[in-house]
>>> print(open('start23.txt').read())   # compact mmCIF, C-alpha atoms and all ligand atoms
# COMPACT_ATOMS: atom_id res chain seq x y z
CA MET A 1 -16.76 19.59 17.34
CA ALA A 2 -15.58 19.46 13.74
CA ASN A 3 -15.29 22.79 11.94
CA GLN A 4 -17.36 22.65 8.74
CA HIS A 5 -14.94 24.99 7.00
CA LYS A 6 -12.04 22.72 7.89
CA THR A 7 -13.75 19.43 7.10
CA VAL A 8 -13.24 17.70 3.76
CA LEU A 9 -15.24 14.79 2.38
CA VAL A 10 -12.92 12.51 0.42
CA SER A 11 -14.68 9.99 -1.82
CA GLY A 12 -12.44 7.12 -2.84
CA GLY A 13 -10.32 8.02 0.16
CA THR A 14 -8.97 4.52 0.83
CA GLY A 15 -7.51 4.36 -2.69
CA TYR A 16 -4.02 5.23 -3.86
CA ILE A 17 -4.31 8.98 -4.38
CA GLY A 18 -7.12 9.35 -1.84
CA SER A 19 -5.20 7.84 1.07
CA HIS A 20 -2.11 9.99 0.47
CA THR A 21 -4.30 13.06 0.15
CA ALA A 22 -6.08 12.23 3.41
CA VAL A 23 -2.69 12.16 5.16
CA GLU A 24 -1.64 15.56 3.81
CA LEU A 25 -5.02 17.11 4.63
CA ILE A 26 -4.82 15.86 8.21
CA ASN A 27 -1.20 17.09 8.46
CA ALA A 28 -2.42 20.50 7.32
CA GLY A 29 -5.08 20.61 10.05
CA TYR A 30 -8.18 19.50 8.14
CA ASP A 31 -10.70 16.98 9.44
CA VAL A 32 -11.25 14.23 6.91
CA VAL A 33 -14.33 12.11 6.28
CA ILE A 34 -13.62 9.23 3.91
CA ILE A 35 -16.25 7.39 1.92
CA ASP A 36 -15.40 4.42 -0.27
CA ASN A 37 -17.18 1.31 -1.52
CA LEU A 38 -13.90 -0.64 -1.21
CA VAL A 39 -14.25 -2.27 -4.66
CA ASN A 40 -10.68 -1.37 -5.55
CA SER A 41 -9.08 -0.51 -2.23
CA GLU A 42 -8.61 -1.92 1.26
CA ILE A 43 -10.03 -0.75 4.56
CA TYR A 44 -6.60 -1.11 6.18
CA SER A 45 -5.47 2.05 4.35
CA LEU A 46 -7.17 3.74 7.32
CA ASP A 47 -4.67 2.08 9.68
CA GLY A 48 -1.79 3.46 7.60
CA ILE A 49 -3.32 6.95 7.62
CA GLU A 50 -3.77 6.75 11.39
CA LYS A 51 -0.22 5.52 12.02
CA ILE A 52 1.25 8.32 9.94
CA THR A 53 -0.88 11.18 11.24
CA GLY A 54 -1.96 9.99 14.68
CA LYS A 55 -5.57 10.62 13.64
CA ARG A 56 -8.09 8.18 12.22
CA PRO A 57 -10.40 9.77 9.66
CA ALA A 58 -14.12 9.15 9.94
CA PHE A 59 -15.10 6.41 7.50
CA GLU A 60 -18.36 5.32 5.89
CA LYS A 61 -18.59 2.42 3.48
CA VAL A 62 -20.68 4.10 0.83
CA ASP A 63 -21.02 3.76 -2.91
CA THR A 64 -21.30 7.28 -4.33
CA CYS A 65 -23.66 5.93 -7.00
CA ASP A 66 -26.15 5.22 -4.20
CA MET A 67 -27.86 8.59 -3.82
CA GLY A 68 -29.69 7.58 -0.64
CA ALA A 69 -26.51 6.46 1.11
CA LEU A 70 -24.62 9.51 -0.09
CA ARG A 71 -27.37 11.81 1.14
CA ARG A 72 -27.08 10.29 4.61
CA VAL A 73 -23.37 11.21 4.61
CA PHE A 74 -24.29 14.81 3.79
CA GLU A 75 -26.85 14.79 6.60
CA LYS A 76 -24.44 13.31 9.12
CA TYR A 77 -21.32 15.40 8.45
CA ALA A 78 -20.84 19.12 7.96
CA PHE A 79 -18.14 19.93 5.41
CA ASP A 80 -17.57 22.74 2.93
CA SER A 81 -15.43 20.79 0.50
CA VAL A 82 -15.44 17.49 -1.31
CA ILE A 83 -12.60 15.82 -3.18
CA HIS A 84 -14.06 13.35 -5.61
CA PHE A 85 -11.66 10.49 -6.36
CA ALA A 86 -14.16 7.63 -6.45
CA ALA A 87 -13.93 6.17 -9.96
CA HIS A 88 -12.86 3.20 -12.03
CA LYS A 89 -9.47 3.83 -13.62
CA ALA A 90 -8.37 1.01 -15.93
CA VAL A 91 -8.12 2.28 -19.49
CA GLY A 92 -8.17 -1.19 -21.12
CA GLU A 93 -11.15 -2.38 -19.08
CA SER A 94 -13.05 0.76 -20.04
CA MET A 95 -12.74 -0.27 -23.71
CA ASP A 96 -14.29 -3.67 -22.94
CA GLU A 97 -16.92 -2.42 -20.50
CA PRO A 98 -17.76 1.17 -21.43
CA LEU A 99 -21.12 1.19 -19.64
CA LYS A 100 -19.46 0.22 -16.37
CA TYR A 101 -17.28 3.33 -16.74
CA TYR A 102 -19.88 5.79 -17.96
CA SER A 103 -22.38 4.67 -15.39
CA ASN A 104 -20.11 4.47 -12.35
CA ASN A 105 -17.81 7.41 -12.98
CA LEU A 106 -20.46 9.86 -14.13
CA VAL A 107 -23.38 8.92 -11.88
CA SER A 108 -21.16 9.06 -8.80
CA PHE A 109 -19.85 12.47 -9.80
CA MET A 110 -23.28 13.89 -10.67
CA ASN A 111 -24.71 12.60 -7.38
CA THR A 112 -21.93 14.35 -5.52
CA VAL A 113 -22.33 17.66 -7.34
CA GLU A 114 -26.11 17.49 -6.96
CA LEU A 115 -25.87 17.07 -3.19
CA MET A 116 -23.21 19.79 -2.88
CA LYS A 117 -25.68 22.11 -4.59
CA GLU A 118 -28.67 20.96 -2.57
CA PHE A 119 -26.89 21.24 0.79
CA GLY A 120 -25.21 24.53 -0.11
CA ARG A 121 -21.71 23.10 0.24
CA PRO A 122 -19.49 25.23 -2.00
CA ASN A 123 -16.25 23.48 -3.00
CA VAL A 124 -15.82 20.58 -5.42
CA LEU A 125 -12.35 19.32 -6.31
CA PHE A 126 -12.45 16.87 -9.21
CA SER A 127 -9.75 14.32 -9.84
CA SER A 128 -9.02 14.66 -13.56
CA SER A 129 -6.16 13.40 -15.70
CA ALA A 130 -3.65 14.42 -18.34
CA THR A 131 -5.43 11.81 -20.42
CA VAL A 132 -7.84 14.64 -21.40
CA TYR A 133 -5.09 16.15 -23.60
CA GLY A 134 -4.66 12.97 -25.67
CA ASN A 135 -1.83 13.19 -28.18
CA ALA A 136 -1.43 16.97 -28.08
CA ASP A 137 0.21 18.87 -30.94
CA THR A 138 2.72 20.61 -28.67
CA GLN A 139 4.57 19.77 -25.46
CA PRO A 140 4.55 20.62 -22.65
CA VAL A 141 0.79 20.97 -22.36
CA THR A 142 -0.71 23.98 -20.60
CA GLU A 143 -4.25 24.17 -19.24
CA GLN A 144 -5.15 25.99 -22.47
CA THR A 145 -3.88 23.23 -24.74
CA PRO A 146 -7.00 21.99 -26.55
CA ARG A 147 -8.32 18.63 -25.42
CA LYS A 148 -8.36 15.97 -28.12
CA PRO A 149 -11.33 13.60 -28.51
CA ALA A 150 -10.90 10.96 -25.81
CA GLU A 151 -9.38 7.68 -26.89
CA SER A 152 -11.05 5.56 -24.24
CA PRO A 153 -14.31 5.59 -22.31
CA TYR A 154 -12.19 6.15 -19.19
CA GLY A 155 -10.68 9.28 -20.72
CA ASN A 156 -14.08 10.36 -21.92
CA THR A 157 -15.51 10.17 -18.39
CA LYS A 158 -12.75 12.57 -17.27
CA GLN A 159 -13.60 15.02 -20.06
CA ILE A 160 -17.35 14.80 -19.48
CA ALA A 161 -16.99 15.19 -15.71
CA GLU A 162 -14.83 18.29 -16.22
CA ASP A 163 -17.58 19.72 -18.44
CA ILE A 164 -20.27 18.85 -15.91
CA LEU A 165 -18.33 20.69 -13.22
CA ARG A 166 -17.77 23.72 -15.48
CA ASP A 167 -21.45 23.91 -16.43
CA CYS A 168 -22.73 23.40 -12.87
CA THR A 169 -20.44 26.06 -11.38
CA ARG A 170 -21.66 28.41 -14.11
CA ALA A 171 -25.33 27.65 -13.45
CA TYR A 172 -25.49 27.29 -9.67
CA ARG A 173 -24.52 30.33 -7.65
CA GLY A 174 -22.15 29.62 -4.82
CA LEU A 175 -20.81 26.38 -6.28
CA HIS A 176 -17.09 26.39 -7.08
CA GLY A 177 -15.05 23.75 -8.84
CA ILE A 178 -11.42 22.96 -9.49
CA ALA A 179 -10.23 20.13 -11.74
CA LEU A 180 -6.71 18.87 -11.15
CA ARG A 181 -5.20 17.17 -14.18
CA TYR A 182 -2.72 14.62 -12.88
CA PHE A 183 0.17 13.40 -14.96
CA ASN A 184 1.65 10.01 -13.96
CA PRO A 185 1.43 9.55 -10.17
CA ILE A 186 4.03 7.14 -8.80
CA GLY A 187 5.72 6.13 -5.55
CA ALA A 188 4.37 5.78 -2.05
CA HIS A 189 4.46 7.48 1.32
CA PRO A 190 8.07 7.44 2.63
CA SER A 191 6.86 5.60 5.75
CA ALA A 192 5.87 2.67 3.49
CA LEU A 193 2.59 2.51 5.45
CA ILE A 194 0.37 3.41 2.49
CA GLY A 195 0.85 2.99 -1.26
CA GLU A 196 -0.69 1.63 -4.42
CA LEU A 197 -2.49 -1.72 -4.24
CA PRO A 198 -2.94 -2.90 -7.81
CA ARG A 199 -5.30 -5.85 -8.21
CA GLY A 200 -4.12 -8.55 -10.61
CA VAL A 201 -1.53 -7.77 -13.27
CA PRO A 202 -0.65 -4.07 -13.09
CA ASN A 203 -1.23 -1.94 -16.19
CA ASN A 204 0.88 0.96 -15.00
CA LEU A 205 4.63 1.07 -15.30
CA VAL A 206 5.89 1.50 -11.73
CA PRO A 207 3.78 -1.22 -10.06
CA TYR A 208 4.91 -3.54 -12.85
CA ILE A 209 8.53 -2.60 -12.19
CA THR A 210 8.28 -3.14 -8.43
CA GLN A 211 6.47 -6.47 -8.84
CA THR A 212 9.14 -7.60 -11.29
CA ALA A 213 11.88 -6.58 -8.87
CA ALA A 214 10.07 -8.58 -6.17
CA GLY A 215 9.95 -11.66 -8.42
CA ILE A 216 6.16 -11.63 -8.75
CA ARG A 217 6.48 -10.94 -12.51
CA LYS A 218 9.13 -12.59 -14.66
CA GLU A 219 10.18 -9.56 -16.65
CA LEU A 220 9.11 -6.07 -17.56
CA SER A 221 8.10 -5.38 -21.15
CA ILE A 222 9.09 -1.94 -22.34
CA PHE A 223 6.46 -1.06 -24.89
CA GLY A 224 8.40 0.28 -27.86
CA ASP A 225 11.81 1.92 -28.33
CA ASP A 226 11.16 3.35 -31.77
CA TYR A 227 9.31 6.52 -30.77
CA ASP A 228 10.58 9.88 -31.91
CA THR A 229 12.07 10.65 -28.47
CA PRO A 230 15.71 10.89 -27.28
CA ASP A 231 16.08 7.19 -26.41
CA GLY A 232 13.13 5.90 -28.43
CA THR A 233 10.94 5.08 -25.39
CA CYS A 234 7.91 7.13 -24.35
CA LEU A 235 8.27 10.30 -22.30
CA ARG A 236 6.06 10.90 -19.28
CA ASP A 237 5.81 13.33 -16.39
CA PHE A 238 6.12 11.12 -13.30
CA ILE A 239 4.82 12.94 -10.25
CA ASP A 240 5.51 11.78 -6.71
CA ILE A 241 2.32 10.73 -4.93
CA VAL A 242 3.09 12.85 -1.83
CA ASP A 243 3.71 15.92 -3.96
CA LEU A 244 0.47 15.17 -5.80
CA ALA A 245 -1.38 14.83 -2.49
CA LYS A 246 -0.03 18.22 -1.37
CA ALA A 247 -1.44 19.82 -4.53
CA HIS A 248 -4.88 18.88 -3.18
CA VAL A 249 -4.19 20.67 0.09
CA ALA A 250 -3.12 23.80 -1.80
CA THR A 251 -6.32 23.53 -3.86
CA ILE A 252 -8.58 23.11 -0.83
CA ASP A 253 -6.79 26.03 0.86
CA ARG A 254 -7.47 28.15 -2.22
CA MET A 255 -11.15 27.25 -2.21
CA THR A 256 -11.79 27.58 1.51
CA GLN A 257 -9.85 30.85 1.74
CA GLY A 258 -11.99 32.36 -1.02
CA LYS A 259 -9.04 32.92 -3.34
CA MET A 260 -10.56 31.55 -6.55
CA GLU A 261 -10.62 33.99 -9.45
CA GLN A 262 -13.26 32.08 -11.38
CA ASP A 263 -16.01 29.68 -10.36
CA TYR A 264 -14.27 26.88 -12.27
CA GLU A 265 -10.52 26.49 -12.55
CA ILE A 266 -8.11 23.91 -13.92
CA PHE A 267 -4.54 23.10 -12.90
CA ASN A 268 -1.97 20.70 -14.30
CA VAL A 269 -0.31 18.68 -11.56
CA GLY A 270 3.02 17.37 -12.74
CA THR A 271 6.72 18.06 -12.36
CA GLY A 272 7.20 19.78 -15.72
CA ARG A 273 10.05 17.38 -16.46
CA PRO A 274 9.82 14.65 -19.11
CA VAL A 275 11.44 11.33 -18.18
CA SER A 276 11.67 8.36 -20.53
CA VAL A 277 10.48 4.88 -19.65
CA LEU A 278 14.04 3.56 -19.99
CA GLU A 279 15.44 6.35 -17.81
CA LEU A 280 12.89 5.46 -15.15
CA VAL A 281 13.80 1.77 -15.29
CA LYS A 282 17.53 2.54 -15.06
CA GLY A 283 16.94 5.03 -12.26
CA PHE A 284 14.99 2.39 -10.34
CA GLU A 285 17.84 -0.09 -10.73
CA ARG A 286 20.46 2.45 -9.66
CA VAL A 287 18.81 3.86 -6.54
CA ASN A 288 17.66 0.49 -5.29
CA ASN A 289 20.84 -1.28 -6.28
CA LEU A 290 19.23 -4.13 -8.18
CA LYS A 291 18.90 -5.53 -11.70
CA LEU A 292 15.53 -5.56 -13.36
CA PRO A 293 14.86 -8.18 -16.02
CA TYR A 294 13.35 -6.31 -18.94
CA ARG A 295 12.82 -6.69 -22.66
CA ILE A 296 11.86 -4.24 -25.38
CA THR A 297 8.61 -5.34 -26.99
CA GLY A 298 6.22 -3.77 -29.49
CA ARG A 299 4.30 -0.58 -28.82
CA ARG A 300 1.19 -0.78 -26.66
CA GLN A 301 -1.91 0.25 -28.55
CA GLY A 302 -3.20 3.67 -27.56
CA ASP A 303 0.07 4.91 -26.01
CA ILE A 304 1.13 8.41 -26.92
CA PRO A 305 4.84 9.14 -27.53
CA ALA A 306 5.17 11.96 -25.04
CA VAL A 307 3.23 14.09 -22.60
CA TRP A 308 4.45 16.38 -19.86
CA ALA A 309 3.09 19.34 -17.98
CA ASP A 310 3.66 23.03 -18.11
CA THR A 311 3.25 23.64 -14.38
CA THR A 312 3.55 27.43 -14.42
CA ARG A 313 -0.06 27.96 -13.42
CA ALA A 314 0.03 25.53 -10.49
CA ASN A 315 3.36 26.99 -9.33
CA GLU A 316 2.28 30.62 -9.55
CA VAL A 317 -1.44 30.60 -8.85
CA LEU A 318 -1.76 27.60 -6.55
CA GLY A 319 1.62 28.21 -4.91
CA TRP A 320 2.43 24.52 -5.21
CA LYS A 321 5.46 22.85 -6.72
CA ALA A 322 6.64 19.24 -6.99
CA GLU A 323 9.55 18.88 -4.58
CA ARG A 324 10.57 15.27 -4.19
CA SER A 325 13.37 13.94 -6.37
CA LEU A 326 12.74 11.08 -8.75
CA ASP A 327 15.36 9.04 -6.88
CA ASP A 328 13.49 9.41 -3.59
CA THR A 329 10.23 8.52 -5.30
CA LEU A 330 11.71 5.35 -6.80
CA ARG A 331 13.16 4.38 -3.42
CA ALA A 332 9.76 4.85 -1.81
CA ALA A 333 8.08 2.76 -4.53
CA TRP A 334 10.45 -0.14 -3.78
CA ALA A 335 10.13 0.24 -0.01
CA TRP A 336 6.36 -0.03 -0.34
CA GLN A 337 6.60 -3.16 -2.51
CA GLN A 338 8.86 -4.74 0.10
CA HIS A 339 6.43 -3.79 2.83
CA LEU A 340 3.66 -5.56 0.86
CA GLY A 341 5.76 -8.71 0.63
CA LYS A 342 6.01 -8.96 4.40
C1 LIG B 401 -2.20 5.54 -18.19
C2 LIG B 401 -3.45 5.88 -18.93
C3 LIG B 401 -3.94 7.20 -18.48
C4 LIG B 401 -4.22 7.15 -17.00
C5 LIG B 401 -2.93 6.76 -16.29
C6 LIG B 401 -3.26 6.53 -14.84
C7 LIG B 401 -3.24 4.77 -21.11
C8 LIG B 401 -3.11 4.97 -22.58
N1 LIG B 401 -3.22 5.87 -20.36
O1 LIG B 401 -1.19 6.48 -18.55
O2 LIG B 401 -5.12 7.52 -19.14
O3 LIG B 401 -4.65 8.40 -16.54
O4 LIG B 401 -2.43 5.55 -16.81
O5 LIG B 401 -2.10 6.22 -14.13
O6 LIG B 401 -3.35 3.66 -20.65
N2 LIG B 401 4.94 0.92 -19.98
C9 LIG B 401 5.82 -0.10 -20.31
N3 LIG B 401 5.63 -1.33 -19.75
C10 LIG B 401 4.62 -1.59 -18.86
C11 LIG B 401 3.73 -0.55 -18.52
C12 LIG B 401 3.92 0.69 -19.10
O7 LIG B 401 6.74 0.10 -21.11
O8 LIG B 401 4.51 -2.75 -18.40
C13 LIG B 401 5.13 2.27 -20.55
C14 LIG B 401 3.94 2.73 -21.39
O9 LIG B 401 4.12 2.33 -22.72
C15 LIG B 401 4.03 4.25 -21.20
C16 LIG B 401 4.66 4.44 -19.82
O10 LIG B 401 5.26 3.18 -19.50
O11 LIG B 401 4.88 4.78 -22.16
C17 LIG B 401 3.66 4.79 -18.76
O12 LIG B 401 2.59 3.83 -18.79
P1 LIG B 401 1.44 3.80 -17.70
O13 LIG B 401 2.03 3.73 -16.34
O14 LIG B 401 0.47 2.73 -18.08
O15 LIG B 401 0.77 5.23 -17.80
P2 LIG B 401 0.17 5.99 -19.10
O16 LIG B 401 -0.07 5.06 -20.21
O17 LIG B 401 1.03 7.16 -19.35
>>> encode(input="start23.txt", output="structure tokens", more="lines below")
Ligand code: UD1
Amino acid sequence: MANQHKTVLVSGGTGYIGSHTAVELINAGYDVVIIDNLVNSEIYSLDGIEKITGKRPAFEKVDTCDMGALRRVFEKYAFDSVIHFAAHKAVGESMDEPLKYYSNNLVSFMNTVELMKEFGRPNVLFSSSATVYGNADTQPVTEQTPRKPAESPYGNTKQIAEDILRDCTRAYRGLHGIALRYFNPIGAHPSALIGELPRGVPNNLVPYITQTAAGIRKELSIFGDDYDTPDGTCLRDFIDIVDLAKAHVATIDRMTQGKMEQDYEIFNVGTGRPVSVLELVKGFERVNNLKLPYRITGRRQGDIPAVWADTTRANEVLGWKAERSLDDTLRAAWAWQQHLGK
């Protein structure tokens, strides 16, 4: 019989971050129930999770916007904690179709929080993003760095959902929330059994790099080398996906062990180390022993020159730290791309 305290509902659990998090939760002894509508992920992620952990998580094909279907999940499974990943995530698309983003990302989150409250399930972990900081005045950003007005509907849904969680934990006794602000998640599980599955032309840097290395894309465009940074390309905080997944386990441990100091808490999840786009490209070439066709092109609209995390709070309070080296992460990213090509 599953232990309610040790059971975690993971919405969006067949997706990139969700599937890696499911693996680490299972490895840490949690029972995992995954729900996903499979609009941007594949059911065979479950096979990868099972091969890695030896355990197949329970799965229900459910759209979290469908309150009736979501309620049935709450009735069927006993869990204390939910990790809410289920959301659309393409910044550019959110500019063209804002209603799709506001409606899906916010309704699904509000439904989840509403049912957590109604069923007396205490712990909500929300999947937020460094995008909430925008182009901050100082780097690295801490959790206290003021958020700038969002530059995209996608970013706005992250800010609004954070506020919803803050307000609900304040208003409803017994409800606790933690928002994790991810920096740039990259890489794949070292087994190459799960990883990112971008649909169409990737927007994010690393999938574009690996697809270019695989010959699927002709060349990589590096968007701008005239930023005020050491080599002129943008600086980001690239966080290994397995390290990122482990931050969720530390967060769920904190919640289920009653260690929270406030009803709503925020943690940056990054490495604390800025890496330039060009450094990343060169590192990828070096560790995988290949040449990547690339060209410097103009800046991409909406990109910020630099953002990286101050991770002191996550390190000290959550007891979590990014451990994997960038080289290992870039090897894993390439191994996963090669696995996909088979
Ligand atoms: C983007 C989103 C961010 C979201 C995150 C999710 C924007 C403005 N931000 O972050 O809100 O949370 O993805 O992963 O879209 N680059 C190239 N060539 C490429 C692709 C990217 O040079 O083909 C550069 C970009 O200019 C940027 C860096 O690589 O400097 C990282 O880009 P990307 O992976 O898209 O992430 P972010 O833009 O940082």
>>> residues_around(input="start23.txt", residues="Phe109 of chain A", least_positions_apart="4", cutoff="12 Å", atoms="only C-alpha atoms", output="PyMOL selection string")
chain A and resi 11-12+63-67+70+82-88+101-105+113-116+124-128+157-158+160-165+168
>>> write_last_selection(input="start23.txt", atoms="C-alpha atoms", output="PDB file, in the coordinates of the input")
ATOM      1  CA  SER A  11     -14.680   9.990  -1.820  1.00  0.00           C
ATOM      2  CA  GLY A  12     -12.440   7.120  -2.840  1.00  0.00           C
ATOM      3  CA  ASP A  63     -21.020   3.760  -2.910  1.00  0.00           C
ATOM      4  CA  THR A  64     -21.300   7.280  -4.330  1.00  0.00           C
ATOM      5  CA  CYS A  65     -23.660   5.930  -7.000  1.00  0.00           C
ATOM      6  CA  ASP A  66     -26.150   5.220  -4.200  1.00  0.00           C
ATOM      7  CA  MET A  67     -27.860   8.590  -3.820  1.00  0.00           C
ATOM      8  CA  LEU A  70     -24.620   9.510  -0.090  1.00  0.00           C
ATOM      9  CA  VAL A  82     -15.440  17.490  -1.310  1.00  0.00           C
ATOM     10  CA  ILE A  83     -12.600  15.820  -3.180  1.00  0.00           C
ATOM     11  CA  HIS A  84     -14.060  13.350  -5.610  1.00  0.00           C
ATOM     12  CA  PHE A  85     -11.660  10.490  -6.360  1.00  0.00           C
ATOM     13  CA  ALA A  86     -14.160   7.630  -6.450  1.00  0.00           C
ATOM     14  CA  ALA A  87     -13.930   6.170  -9.960  1.00  0.00           C
ATOM     15  CA  HIS A  88     -12.860   3.200 -12.030  1.00  0.00           C
ATOM     16  CA  TYR A 101     -17.280   3.330 -16.740  1.00  0.00           C
ATOM     17  CA  TYR A 102     -19.880   5.790 -17.960  1.00  0.00           C
ATOM     18  CA  SER A 103     -22.380   4.670 -15.390  1.00  0.00           C
ATOM     19  CA  ASN A 104     -20.110   4.470 -12.350  1.00  0.00           C
ATOM     20  CA  ASN A 105     -17.810   7.410 -12.980  1.00  0.00           C
ATOM     21  CA  VAL A 113     -22.330  17.660  -7.340  1.00  0.00           C
ATOM     22  CA  GLU A 114     -26.110  17.490  -6.960  1.00  0.00           C
ATOM     23  CA  LEU A 115     -25.870  17.070  -3.190  1.00  0.00           C
ATOM     24  CA  MET A 116     -23.210  19.790  -2.880  1.00  0.00           C
ATOM     25  CA  VAL A 124     -15.820  20.580  -5.420  1.00  0.00           C
ATOM     26  CA  LEU A 125     -12.350  19.320  -6.310  1.00  0.00           C
ATOM     27  CA  PHE A 126     -12.450  16.870  -9.210  1.00  0.00           C
ATOM     28  CA  SER A 127      -9.750  14.320  -9.840  1.00  0.00           C
ATOM     29  CA  SER A 128      -9.020  14.660 -13.560  1.00  0.00           C
ATOM     30  CA  THR A 157     -15.510  10.170 -18.390  1.00  0.00           C
ATOM     31  CA  LYS A 158     -12.750  12.570 -17.270  1.00  0.00           C
ATOM     32  CA  ILE A 160     -17.350  14.800 -19.480  1.00  0.00           C
ATOM     33  CA  ALA A 161     -16.990  15.190 -15.710  1.00  0.00           C
ATOM     34  CA  GLU A 162     -14.830  18.290 -16.220  1.00  0.00           C
ATOM     35  CA  ASP A 163     -17.580  19.720 -18.440  1.00  0.00           C
ATOM     36  CA  ILE A 164     -20.270  18.850 -15.910  1.00  0.00           C
ATOM     37  CA  LEU A 165     -18.330  20.690 -13.220  1.00  0.00           C
ATOM     38  CA  CYS A 168     -22.730  23.400 -12.870  1.00  0.00           C
TER      39      CYS A 168
END
>>> residues_near_ligand(input="start23.txt", ligand="ligand LIG 401 (chain B)", cutoff="6 Å", atoms="only C-alpha atoms and all ligand atoms", output="list in words")
Val91, Ser129, Thr131, Asn184, Asn203, Asn204, Leu205, Tyr208, Leu220, Ser221, Ile222, Phe223, Cys234, Val277, Arg300, Gly302 and Asp303 of chain A
>>> closest_residue(input="start23.txt", among="A:Pro57, A:Gly232, A:Gly18, A:Pro146", to="Gly298 of chain A", atoms="only C-alpha atoms")
A:Gly232
>>> closest_residue(input="start23.txt", among="A:Gly68, A:Pro140, A:Gly195, A:Gly120", to="Ile49 of chain A", atoms="only C-alpha atoms")
A:Gly195
>>> atom_distance(input="start23.txt", atom1="atom CA of Lys61 of chain A", atom2="atom CA of Glu42 of chain A")
11.1 Å
>>> closest_residue(input="start23.txt", among="A:Arg313, A:Lys89, A:Lys51, A:Arg199", to="Leu180 of chain A", atoms="only C-alpha atoms")
A:Arg313
>>> atom_distance(input="start23.txt", atom1="atom CA of Gly215 of chain A", atom2="atom CA of Pro274 of chain A")
28.4 Å
>>> residues_near_point(input="start23.txt", point="(-0.5, 9.4, 13.1)", cutoff="7 Å", atoms="all atoms listed in the file", output="PyMOL selection string")
chain A and resi 49-55
>>> residues_around(input="start23.txt", residues="segment 249-254 of chain A", least_positions_apart="6", cutoff="9 Å", atoms="only C-alpha atoms", output="short mmCIF file (atom, residue, chain, number, x, y, z; two decimals) with C-alpha atoms, in the frame of the given file")
data_model
loop_
_atom_site.label_atom_id
_atom_site.label_comp_id
_atom_site.auth_asym_id
_atom_site.auth_seq_id
_atom_site.Cartn_x
_atom_site.Cartn_y
_atom_site.Cartn_z
CA VAL A 8 -13.24 17.70 3.76
CA THR A 21 -4.30 13.06 0.15
CA GLU A 24 -1.64 15.56 3.81
CA LEU A 25 -5.02 17.11 4.63
CA ALA A 28 -2.42 20.50 7.32
CA SER A 81 -15.43 20.79 0.50
CA VAL A 82 -15.44 17.49 -1.31
CA ILE A 83 -12.60 15.82 -3.18
CA ASN A 123 -16.25 23.48 -3.00
CA VAL A 124 -15.82 20.58 -5.42
CA LEU A 125 -12.35 19.32 -6.31
CA ILE A 178 -11.42 22.96 -9.49
CA LEU A 180 -6.71 18.87 -11.15
CA MET A 260 -10.56 31.55 -6.55
CA LEU A 318 -1.76 27.60 -6.55
CA GLY A 319 1.62 28.21 -4.91
CA TRP A 320 2.43 24.52 -5.21
#
>>> atom_distance(input="start23.txt", atom1="atom CA of Phe238 of chain A", atom2="atom CA of Leu326 of chain A")
8.0 Å
>>> residues_around(input="start23.txt", residues="Gly13 of chain A", least_positions_apart="5", cutoff="7 Å", atoms="all atoms listed in the file", output="list of chain:residue names")
A:Gly18, A:Ser19, A:Ala22, A:Ile34, A:Ile35, A:Asp36
>>> residues_around(input="start23.txt", residues="Leu340 of chain A", least_positions_apart="4", cutoff="12 Å", atoms="all atoms listed in the file", output="PyMOL selection string")
chain A and resi 188+192-198+207+210-211+214+216+333-336
>>> write_last_selection(input="start23.txt", atoms="C-alpha atoms", output="short mmCIF file (atom, residue, chain, number, x, y, z; two decimals), in the coordinates of the input")
data_model
loop_
_atom_site.label_atom_id
_atom_site.label_comp_id
_atom_site.auth_asym_id
_atom_site.auth_seq_id
_atom_site.Cartn_x
_atom_site.Cartn_y
_atom_site.Cartn_z
CA ALA A 188 4.37 5.78 -2.05
CA ALA A 192 5.87 2.67 3.49
CA LEU A 193 2.59 2.51 5.45
CA ILE A 194 0.37 3.41 2.49
CA GLY A 195 0.85 2.99 -1.26
CA GLU A 196 -0.69 1.63 -4.42
CA LEU A 197 -2.49 -1.72 -4.24
CA PRO A 198 -2.94 -2.90 -7.81
CA PRO A 207 3.78 -1.22 -10.06
CA THR A 210 8.28 -3.14 -8.43
CA GLN A 211 6.47 -6.47 -8.84
CA ALA A 214 10.07 -8.58 -6.17
CA ILE A 216 6.16 -11.63 -8.75
CA ALA A 333 8.08 2.76 -4.53
CA TRP A 334 10.45 -0.14 -3.78
CA ALA A 335 10.13 0.24 -0.01
CA TRP A 336 6.36 -0.03 -0.34
#
>>> closest_residue(input="start23.txt", among="A:Asn111, A:Asn268, A:Asn288, A:Thr169", to="Asp328 of chain A", atoms="all atoms listed in the file")
A:Asn288
